>>> print(open('upload_33.txt').read())   # compact mmCIF, C-alpha atoms
# COMPACT_ATOMS: atom_id res chain seq x y z
CA MET A 65 54.96 45.16 129.42
CA LYS A 66 57.69 45.07 126.85
CA VAL A 67 60.55 47.40 127.76
CA VAL A 68 63.02 48.38 125.04
CA LEU A 69 66.43 49.50 126.28
CA ARG A 70 69.25 51.03 124.23
CA ASN A 71 73.04 51.09 124.09
CA PRO A 72 73.05 48.16 123.57
CA ARG A 73 69.54 47.61 122.26
CA ARG A 74 67.67 44.87 124.16
CA GLU A 75 64.17 44.01 125.34
CA VAL A 76 62.92 42.83 128.71
CA GLU A 77 59.43 41.85 129.92
CA ILE A 78 58.27 43.42 133.17
CA PRO A 79 54.82 42.85 134.69
CA GLY A 80 52.57 45.92 134.82
CA PRO A 81 50.88 48.12 135.66
CA LEU A 82 53.64 50.26 137.10
CA THR A 83 54.40 53.95 137.37
CA VAL A 84 57.38 55.30 135.43
CA ASP A 85 59.14 55.97 138.73
CA ALA A 86 58.63 52.39 139.87
CA LEU A 87 59.81 50.99 136.54
CA LEU A 88 63.02 53.05 136.64
CA ARG A 89 63.70 52.02 140.24
CA ARG A 90 63.19 48.41 139.28
CA LEU A 91 65.67 48.76 136.40
CA GLU A 92 68.02 50.77 138.68
CA LEU A 93 68.07 53.68 136.24
CA ASN A 94 68.52 57.32 137.18
CA PRO A 95 65.48 59.31 135.90
CA GLU A 96 67.86 62.18 135.06
CA SER A 97 69.60 59.94 132.52
CA VAL A 98 66.65 58.69 130.46
CA LEU A 99 63.39 59.56 128.75
CA VAL A 100 60.47 57.14 128.95
CA ILE A 101 58.33 56.80 125.84
CA ASP A 102 55.05 54.86 126.15
CA GLY A 103 54.10 53.83 122.59
CA ASP A 104 54.79 57.12 120.82
CA GLU A 105 54.15 59.38 123.80
CA LEU A 106 56.66 60.93 126.15
CA VAL A 107 55.49 60.39 129.73
CA THR A 108 56.26 61.93 133.12
CA ARG A 109 57.54 60.03 136.14
CA ASP A 110 54.08 59.69 137.75
CA ALA A 111 52.46 58.20 134.59
CA ARG A 112 50.95 54.71 134.84
CA LEU A 113 52.24 52.13 132.38
CA GLU A 114 49.84 49.32 131.51
CA ASP A 115 50.84 45.68 131.26
CA ALA A 116 50.01 45.49 127.53
CA THR A 117 52.11 48.46 126.48
CA THR A 118 55.55 48.77 124.89
CA VAL A 119 57.86 51.24 126.59
CA GLU A 120 61.14 52.62 125.27
CA ILE A 121 63.74 53.74 127.79
CA ARG A 122 65.91 56.15 125.84
CA PRO A 123 69.25 57.22 127.32
CA VAL A 124 69.96 60.93 127.00
CA ILE A 125 73.60 61.06 128.06
CA SER A 126 76.04 61.56 125.24
CA GLY A 127 79.77 61.83 125.57
CA GLY A 128 82.85 62.23 123.47
CA ALA A 129 84.17 65.32 121.75
CA ARG A 130 81.99 68.24 120.69
CA MET B 219 51.34 65.72 136.63
CA LYS B 220 49.99 68.96 135.16
CA CYS B 221 51.64 71.62 133.02
CA ARG B 222 52.69 74.37 135.39
CA VAL B 223 51.57 77.00 132.87
CA CYS B 224 48.19 75.80 131.58
CA ARG B 225 47.33 72.82 133.88
CA ALA B 226 46.89 70.48 130.87
CA PRO B 227 48.43 66.99 131.29
CA ALA B 228 52.24 67.28 131.33
CA VAL B 229 54.47 65.25 128.99
CA VAL B 230 57.84 66.34 130.42
CA ASP B 231 58.94 66.85 134.00
CA VAL B 232 61.94 69.02 134.79
CA ARG B 233 62.99 68.24 138.34
CA ARG B 234 65.30 71.20 138.85
CA HIS B 235 62.30 73.49 138.23
CA ASN B 236 60.00 71.13 140.16
CA ALA B 237 57.68 71.48 137.18
CA GLY B 238 55.88 69.64 134.43
CA PHE B 239 55.14 71.02 130.99
CA CYS B 240 52.70 70.19 128.17
CA ARG B 241 54.23 69.98 124.71
CA ASP B 242 53.63 73.59 123.69
CA HIS B 243 54.80 75.10 126.95
CA PHE B 244 57.86 72.88 127.06
CA VAL B 245 58.88 74.09 123.59
CA ARG B 246 58.34 77.67 124.79
CA HIS B 247 60.44 76.94 127.87
CA CYS B 248 63.32 75.77 125.64
CA GLU B 249 62.96 78.79 123.37
CA GLU B 250 62.98 81.12 126.37
CA GLN B 251 66.13 79.55 127.80
CA VAL B 252 67.93 79.93 124.45
CA ARG B 253 66.63 83.46 123.94
CA ARG B 254 67.89 84.37 127.43
CA ALA B 255 71.33 82.82 126.83
CA VAL B 256 71.72 84.61 123.49
CA HIS B 257 70.55 87.96 124.90
CA ASP B 258 72.34 87.90 128.27
CA HIS B 259 75.70 87.00 126.75
CA HIS B 260 75.36 89.05 123.53
CA MET B 261 75.99 85.90 121.50
CA PHE B 262 74.68 87.21 118.17
CA GLY B 263 72.05 89.48 116.70
CA PRO B 264 69.42 89.32 113.95
CA GLY B 265 71.85 90.23 111.15
CA ASP B 266 74.59 87.76 112.08
CA ARG B 267 75.38 84.59 110.11
CA VAL B 268 75.52 81.69 112.56
CA LEU B 269 77.30 78.44 111.70
CA VAL B 270 75.85 75.58 113.77
CA ALA B 271 78.22 72.66 114.42
CA VAL B 272 75.94 69.75 113.50
CA SER B 273 76.66 66.16 114.47
CA GLY B 274 73.25 64.59 113.82
CA GLY B 275 72.74 64.13 117.57
CA LYS B 276 69.98 65.59 119.71
CA ASP B 277 71.77 68.70 120.93
CA SER B 278 73.00 70.08 117.64
CA LEU B 279 69.73 69.40 115.81
CA ALA B 280 67.67 70.87 118.67
CA LEU B 281 69.95 73.91 118.66
CA TRP B 282 69.60 74.37 114.91
CA ASP B 283 65.81 73.98 115.15
CA LEU B 284 65.55 76.46 118.03
CA LEU B 285 67.72 79.09 116.31
CA LEU B 286 65.74 78.81 113.08
CA GLY B 287 62.49 79.00 115.09
CA LEU B 288 63.71 82.15 116.81
CA GLY B 289 64.37 83.73 113.41
CA HIS B 290 68.16 83.59 113.30
CA HIS B 291 70.18 83.05 110.13
CA ALA B 292 71.62 79.63 111.01
CA GLU B 293 73.38 77.27 108.61
CA GLY B 294 74.78 73.87 109.60
CA LEU B 295 78.21 72.33 109.11
CA TYR B 296 78.53 68.55 109.37
CA LEU B 297 81.97 67.03 109.77
CA GLY B 298 82.35 63.48 108.37
CA LEU B 299 84.53 61.71 110.94
CA GLY B 300 84.87 58.37 109.14
CA ILE B 301 83.51 56.30 112.02
CA GLY B 302 81.92 53.67 109.77
CA GLY B 303 78.15 53.18 109.87
CA TYR B 304 77.84 55.49 112.86
CA SER B 305 79.01 58.44 110.79
CA ASP B 306 76.81 57.45 107.83
CA GLU B 307 73.74 57.31 110.04
CA SER B 308 74.60 60.57 111.80
CA TYR B 309 74.98 62.37 108.48
CA GLY B 310 71.61 60.95 107.39
CA HIS B 311 69.90 62.57 110.37
CA ALA B 312 71.61 65.92 109.75
CA ALA B 313 70.75 65.89 106.04
CA ALA B 314 67.12 64.84 106.66
CA PHE B 315 66.70 67.69 109.16
CA ALA B 316 68.15 70.22 106.71
CA ARG B 317 65.79 69.01 103.96
CA ARG B 318 62.78 69.15 106.26
CA ARG B 319 63.56 72.68 107.47
CA ASP B 320 64.78 73.84 104.04
CA ALA B 321 68.02 74.86 105.75
CA THR B 322 71.57 74.90 104.35
CA LEU B 323 73.88 72.09 105.44
CA HIS B 324 77.58 72.38 104.59
CA THR B 325 79.81 69.31 104.85
CA VAL B 326 83.51 68.65 105.35
CA ASP B 327 84.67 65.06 105.09
CA LEU B 328 87.87 64.21 106.94
CA ALA B 329 88.77 61.32 104.63
CA ALA B 330 87.97 63.03 101.32
CA ASP B 331 89.08 66.55 102.23
CA HIS B 332 91.95 65.91 104.64
CA GLY B 333 93.08 62.32 104.03
CA TYR B 334 92.40 60.80 107.45
CA THR B 335 89.66 59.52 109.75
CA ILE B 336 89.19 59.72 113.51
CA PRO B 337 89.85 56.01 114.10
CA GLY B 338 92.96 56.31 111.90
CA ALA B 339 94.18 59.43 113.69
CA ALA B 340 93.64 57.85 117.11
CA ALA B 341 95.61 54.78 116.05
CA ALA B 342 98.42 56.84 114.55
CA THR B 343 98.86 59.21 117.49
CA ARG B 344 98.80 58.88 121.24
CA ARG B 345 95.57 60.84 121.45
CA SER B 346 92.29 59.25 122.51
CA PRO B 347 89.66 59.13 119.75
CA CYS B 348 87.75 61.89 121.59
CA GLY B 349 90.93 63.97 121.76
CA ALA B 350 91.58 63.61 118.01
CA CYS B 351 87.92 64.31 117.28
CA GLY B 352 87.75 67.41 119.48
CA LEU B 353 90.95 68.83 118.00
CA SER B 354 89.69 68.25 114.44
CA LYS B 355 86.30 69.80 115.18
CA ARG B 356 87.70 72.89 116.90
CA HIS B 357 90.10 73.56 114.03
CA LEU B 358 87.78 72.82 111.13
CA PHE B 359 84.65 74.56 112.43
CA ASN B 360 86.77 77.63 113.16
CA SER B 361 88.53 77.67 109.78
CA TYR B 362 85.31 76.97 107.85
CA ALA B 363 83.53 79.84 109.59
CA LEU B 364 86.42 82.24 108.90
CA ASP B 365 86.76 81.15 105.26
CA HIS B 366 83.03 81.42 104.56
CA GLY B 367 82.21 84.68 106.30
CA PHE B 368 80.25 83.44 109.31
CA ASP B 369 80.11 85.76 112.31
CA VAL B 370 79.91 83.07 114.95
CA VAL B 371 80.04 79.29 115.49
CA ALA B 372 77.30 77.87 117.72
CA THR B 373 77.80 74.49 119.36
CA GLY B 374 75.28 72.22 121.09
CA HIS B 375 77.03 72.07 124.45
CA ASN B 376 74.28 71.76 127.04
CA LEU B 377 74.10 72.24 130.81
CA ASP B 378 75.21 68.65 131.47
CA ASP B 379 78.17 68.91 129.09
CA GLU B 380 79.32 72.13 130.66
CA ALA B 381 78.80 70.98 134.25
CA ALA B 382 80.79 67.79 133.54
CA VAL B 383 83.64 69.74 131.93
CA LEU B 384 83.58 72.18 134.85
CA LEU B 385 83.80 69.34 137.35
CA GLY B 386 86.81 67.91 135.48
CA ASN B 387 88.50 71.32 135.33
CA VAL B 388 87.89 72.00 139.02
CA LEU B 389 89.09 68.57 140.11
CA ARG B 390 92.43 69.34 138.46
CA TRP B 391 92.33 73.12 138.97
CA GLU B 392 92.95 73.66 135.28
CA GLU B 393 93.11 77.44 135.45
CA GLY B 394 93.60 77.96 131.71
CA TYR B 395 90.63 75.77 130.83
CA LEU B 396 88.52 77.43 133.53
CA GLY B 397 89.32 80.80 132.00
CA ARG B 398 88.14 79.61 128.59
CA GLN B 399 85.01 77.82 129.83
CA HIS B 400 82.18 80.25 129.20
CA PRO B 401 78.99 80.43 127.09
CA VAL B 402 80.85 82.90 124.84
CA LEU B 403 84.43 82.80 123.63
CA PRO B 404 85.02 86.16 121.90
CA ALA B 405 86.64 86.45 118.50
CA SER B 406 90.35 87.20 118.37
CA PRO B 407 92.91 87.17 115.53
CA GLY B 408 92.53 83.78 113.79
CA PHE B 409 89.60 82.72 115.97
CA VAL B 410 85.91 83.17 115.17
CA LYS B 411 83.52 83.92 118.04
CA LYS B 412 82.12 80.72 119.60
CA VAL B 413 78.89 80.43 121.58
CA LYS B 414 76.91 77.80 123.48
CA PRO B 415 73.24 78.82 123.40
CA LEU B 416 72.07 75.57 125.09
CA TYR B 417 74.07 75.99 128.27
CA ARG B 418 70.91 76.68 130.28
CA LEU B 419 69.18 73.45 129.12
CA GLY B 420 69.95 69.90 130.25
CA GLU B 421 70.51 67.03 127.87
CA ARG B 422 67.31 65.34 129.03
CA GLU B 423 65.48 68.49 127.98
CA MET B 424 67.18 68.44 124.58
CA ALA B 425 66.25 64.81 123.97
CA ALA B 426 62.65 65.57 125.01
CA TYR B 427 62.61 68.59 122.70
CA CYS B 428 63.62 66.42 119.73
CA VAL B 429 61.02 63.75 120.53
CA LEU B 430 58.27 66.34 120.88
CA GLN B 431 59.28 68.22 117.72
CA GLY B 432 59.54 65.01 115.67
CA ILE B 433 63.28 65.45 115.06
CA ASP B 434 64.97 62.11 114.30
CA TYR B 435 68.46 62.10 115.73
CA GLN B 436 71.37 59.73 116.32
CA VAL B 437 70.29 57.97 119.54
CA GLU B 438 73.19 55.52 119.66
CA GLU B 439 76.30 56.54 121.53
CA CYS B 440 79.46 57.09 119.48
CA PRO B 441 81.26 53.72 119.49
CA MET B 442 84.57 55.48 120.13
CA ALA B 443 83.36 57.37 123.24
CA ALA B 444 83.02 54.34 125.54
CA GLY B 445 84.86 54.96 128.80
CA ASN B 446 85.16 58.67 128.07
CA ARG B 447 86.02 60.54 131.29
CA HIS B 448 83.23 63.08 130.90
CA LEU B 449 80.63 60.33 130.73
CA GLY B 450 81.75 59.30 134.21
CA TYR B 451 81.49 62.88 135.46
CA LYS B 452 77.97 63.11 134.05
CA GLU B 453 76.95 59.98 135.93
CA LEU B 454 78.37 61.40 139.16
CA LEU B 455 76.54 64.68 138.66
CA ASN B 456 73.27 62.90 137.86
CA ASP B 457 73.57 60.89 141.08
CA LEU B 458 73.98 64.20 142.90
CA GLU B 459 71.06 65.71 140.98
CA LEU B 460 68.82 62.82 142.00
CA ARG B 461 69.48 63.58 145.67
CA SER B 462 69.49 67.34 145.28
CA PRO B 463 67.64 68.62 142.19
CA GLY B 464 69.11 71.82 140.81
CA SER B 465 72.69 71.03 141.83
CA LYS B 466 74.05 70.90 138.27
CA ALA B 467 72.53 74.25 137.34
CA ALA B 468 73.70 75.88 140.58
CA PHE B 469 77.23 74.55 140.02
CA LEU B 470 77.48 75.76 136.41
CA PHE B 471 75.54 79.02 136.63
CA GLY B 472 77.37 79.98 139.82
CA PHE B 473 80.68 79.49 138.03
CA VAL B 474 79.60 81.47 134.96
CA GLU B 475 78.16 84.34 136.98
CA ARG B 476 80.52 84.56 139.94
CA ALA B 477 83.78 82.69 139.39
CA HIS B 478 84.71 82.67 135.69
CA ALA B 479 86.03 86.23 135.63
CA ARG B 480 88.72 85.28 138.15
CA PHE B 481 90.30 82.94 135.58
CA ALA B 482 89.50 84.77 132.35
CA GLU B 483 92.30 87.32 132.19
CA ASP B 484 95.13 84.78 132.10
CA ALA B 485 93.35 82.72 129.44
CA ALA B 486 92.83 85.81 127.23
CA GLY B 487 96.53 86.63 127.56
CA GLN B 488 97.49 83.18 126.33
CA ARG B 489 95.46 83.73 123.14
CA ASP B 490 97.21 87.03 122.46
CA ASN B 491 100.69 85.49 122.40
CA LEU B 492 100.27 83.04 119.53
CA GLY B 493 102.20 82.76 116.28
CA THR B 494 100.97 81.44 112.94
CA CYS B 495 101.06 77.85 111.67
CA ARG B 496 103.42 77.62 108.68
CA GLU B 497 101.15 74.97 107.09
CA CYS B 498 97.65 76.45 107.42
CA GLY B 499 98.03 79.91 108.97
CA ALA B 500 96.03 79.08 112.10
CA PRO B 501 97.10 80.57 115.46
CA THR B 502 99.55 78.30 117.30
CA PRO B 503 102.18 78.55 120.04
CA GLY B 504 104.59 76.49 117.86
CA GLU B 505 105.67 76.42 114.21
CA VAL B 506 103.01 73.93 113.12
CA CYS B 507 99.57 73.80 114.74
CA ALA B 508 98.27 70.70 116.54
CA PHE B 509 95.73 70.01 113.79
CA CYS B 510 98.33 69.98 111.00
CA ARG B 511 100.61 67.73 113.10
CA LEU B 512 97.72 65.32 113.74
CA ARG B 513 96.72 65.28 110.08
CA GLU B 514 100.29 64.66 108.93
CA ARG B 515 100.86 61.75 111.31
CA ALA B 516 97.48 60.20 110.48
CA ARG B 517 98.12 60.50 106.73
CA ILE B 518 101.55 58.87 107.03
CA ALA B 519 100.16 56.01 109.13
CA GLY B 520 97.10 55.62 106.88
>>> encode(input="upload_33.txt", output="structure tokens")
Amino acid sequence: MKVVLRNPRREVEIPGPLTVDALLRRLELNPESVLVIDGDELVTRDARLEDATTVEIRPVISGGAR
Amino acid sequence: MKCRVCRAPAVVDVRRHNAGFCRDHFVRHCEEQVRRAVHDHHMFGPGDRVLVAVSGGKDSLALWDLLLGLGHHAEGLYLGLGIGGYSDESYGHAAAFARRRDATLHTVDLAADHGYTIPGAAAATRRSPCGACGLSKRHLFNSYALDHGFDVVATGHNLDDEAAVLLGNVLRWEEGYLGRQHPVLPASPGFVKKVKPLYRLGEREMAAYCVLQGIDYQVEECPMAAGNRHLGYKELLNDLELRSPGSKAAFLFGFVERAHARFAEDAAGQRDNLGTCRECGAPTPGEVCAFCRLRERARIAG
């Protein structure tokens, strides 16, 4: 599957199928810090991601002044 | 995973509640958390004019959307910080949201209206960019609200923001800051009331809310925030949350409900003993307030 990461934006190929949990462990990402979007759909950590799909890993942590 | 309310397939999981939600019930969950925050802390009522501090990011746009959805009179104020393309894009998201919701967006531009930018101010002073930005925002949101008859300023500080700030304040035992850290900062002479209706919702929930509601927001991190201390605290807290879900909420809510009052009296006293800035009239412990000093130095250097 194609995995799109942000900050900085980059793409990596990872063989599927995989669950969201397994993908995040593989990328060493904390599930509290990201959303996973499969195509256009938000998915939960037990969702299965197919090999042919494109997944966006969107960071949710923002910093700086408010 | 199933929605804990209706058993339909879930699209969001919230680990601290050990629950999944479908789209509709997740939106209702967010609305309920905001409604509870507003009610429990008497933040504002149906007749109040609320000024939402809008950055174009997920939290402020989600907050604005939620307040409008709950029937509140909420207008937005965007502050142009002059951070190149990042600011242009952020304003675009704020303006597009306002058009879509037929809501009123006010703007103040630091360069056009005050003669400086955040990168310029950071270079001209010894403040970090985030320090210059925070000072500018606190001053200008407050003065705009007072000048334009708003009853309250609402900011998009979420559970993660507040827990990270709390951790920083506790690590240094900053008693004054601890006394002022609360979902509501009451009005006092020269200060409008300030509220944080999102303090019960995590930033992952706010990002999910925007995705599910079709709200386009600034996803990229501010280029000037890299290395910011609070980002490090958030990472630490998220590592803790991974091992022990619910820790962030227990830390913050426990402080708000059981510990804040122990620090509040001293902080309130500090606000009562302020003079008036000879430049702008804002409350200040000195002759000229920190905002006017920052602006003057940045203008000279610029």
>>> interface_residues(input="upload_33.txt", of="chain A", to="chain B", cutoff="8 Å", atoms="only C-alpha atoms", output="number ranges by chain")
A: 70-71, 94-99, 105-111, 122-130
>>> residues_around(input="upload_33.txt", residues="Asn387 of chain B", least_positions_apart="6", cutoff="12 Å", atoms="all atoms listed in the file", output="count of residues only")
16
>>> residues_around(input="upload_33.txt", residues="Glu77 of chain A", least_positions_apart="6", cutoff="10 Å", atoms="all atoms listed in the file", output="PyMOL selection string")
chain A and resi 65-68+115+118
>>> residues_around(input="upload_33.txt", residues="Glu249 of chain B", least_positions_apart="6", cutoff="9 Å", atoms="all atoms listed in the file", output="count of residues only")
4
>>> closest_residue(input="upload_33.txt", among="B:Ile336, B:Ala486, B:Leu358, B:Cys240", to="Leu295 of chain B", atoms="all atoms listed in the file")
B:Leu358
>>> residues_around(input="upload_33.txt", residues="segment 252-262 of chain B", least_positions_apart="2", cutoff="7 Å", atoms="all atoms listed in the file", output="list in words")
Cys248, Glu249, Glu250, Asp266, Val402, Val413, Pro415 and Leu416 of chain B
>>> atom_distance(input="upload_33.txt", atom1="atom CA of Ala477 of chain B", atom2="atom CA of Val370 of chain B")
24.7 Å
>>> residues_near_point(input="upload_33.txt", point="(73.7, 80.7, 108.4)", cutoff="6 Å", atoms="all atoms listed in the file", output="list of chain:residue names")
B:Arg267, B:Val268, B:Leu269, B:His291, B:Ala292, B:Glu293
>>> atom_distance(input="upload_33.txt", atom1="atom CA of Phe315 of chain B", atom2="atom CA of Ile433 of chain B")
7.2 Å
>>> atom_distance(input="upload_33.txt", atom1="atom CA of Ala341 of chain B", atom2="atom CA of Ile301 of chain B")
12.8 Å
>>> residues_near_point(input="upload_33.txt", point="(53.2, 46.8, 133.9)", cutoff="10 Å", atoms="all atoms listed in the file", output="compact mmCIF listing (two decimals) with C-alpha atoms, in the frame of the given file")
# COMPACT_ATOMS: atom_id res chain seq x y z
CA MET A 65 54.96 45.16 129.42
CA LYS A 66 57.69 45.07 126.85
CA VAL A 67 60.55 47.40 127.76
CA GLU A 77 59.43 41.85 129.92
CA ILE A 78 58.27 43.42 133.17
CA PRO A 79 54.82 42.85 134.69
CA GLY A 80 52.57 45.92 134.82
CA PRO A 81 50.88 48.12 135.66
CA LEU A 82 53.64 50.26 137.10
CA THR A 83 54.40 53.95 137.37
CA VAL A 84 57.38 55.30 135.43
CA ALA A 86 58.63 52.39 139.87
CA LEU A 87 59.81 50.99 136.54
CA ARG A 112 50.95 54.71 134.84
CA LEU A 113 52.24 52.13 132.38
CA GLU A 114 49.84 49.32 131.51
CA ASP A 115 50.84 45.68 131.26
CA ALA A 116 50.01 45.49 127.53
CA THR A 117 52.11 48.46 126.48
CA THR A 118 55.55 48.77 124.89
CA VAL A 119 57.86 51.24 126.59
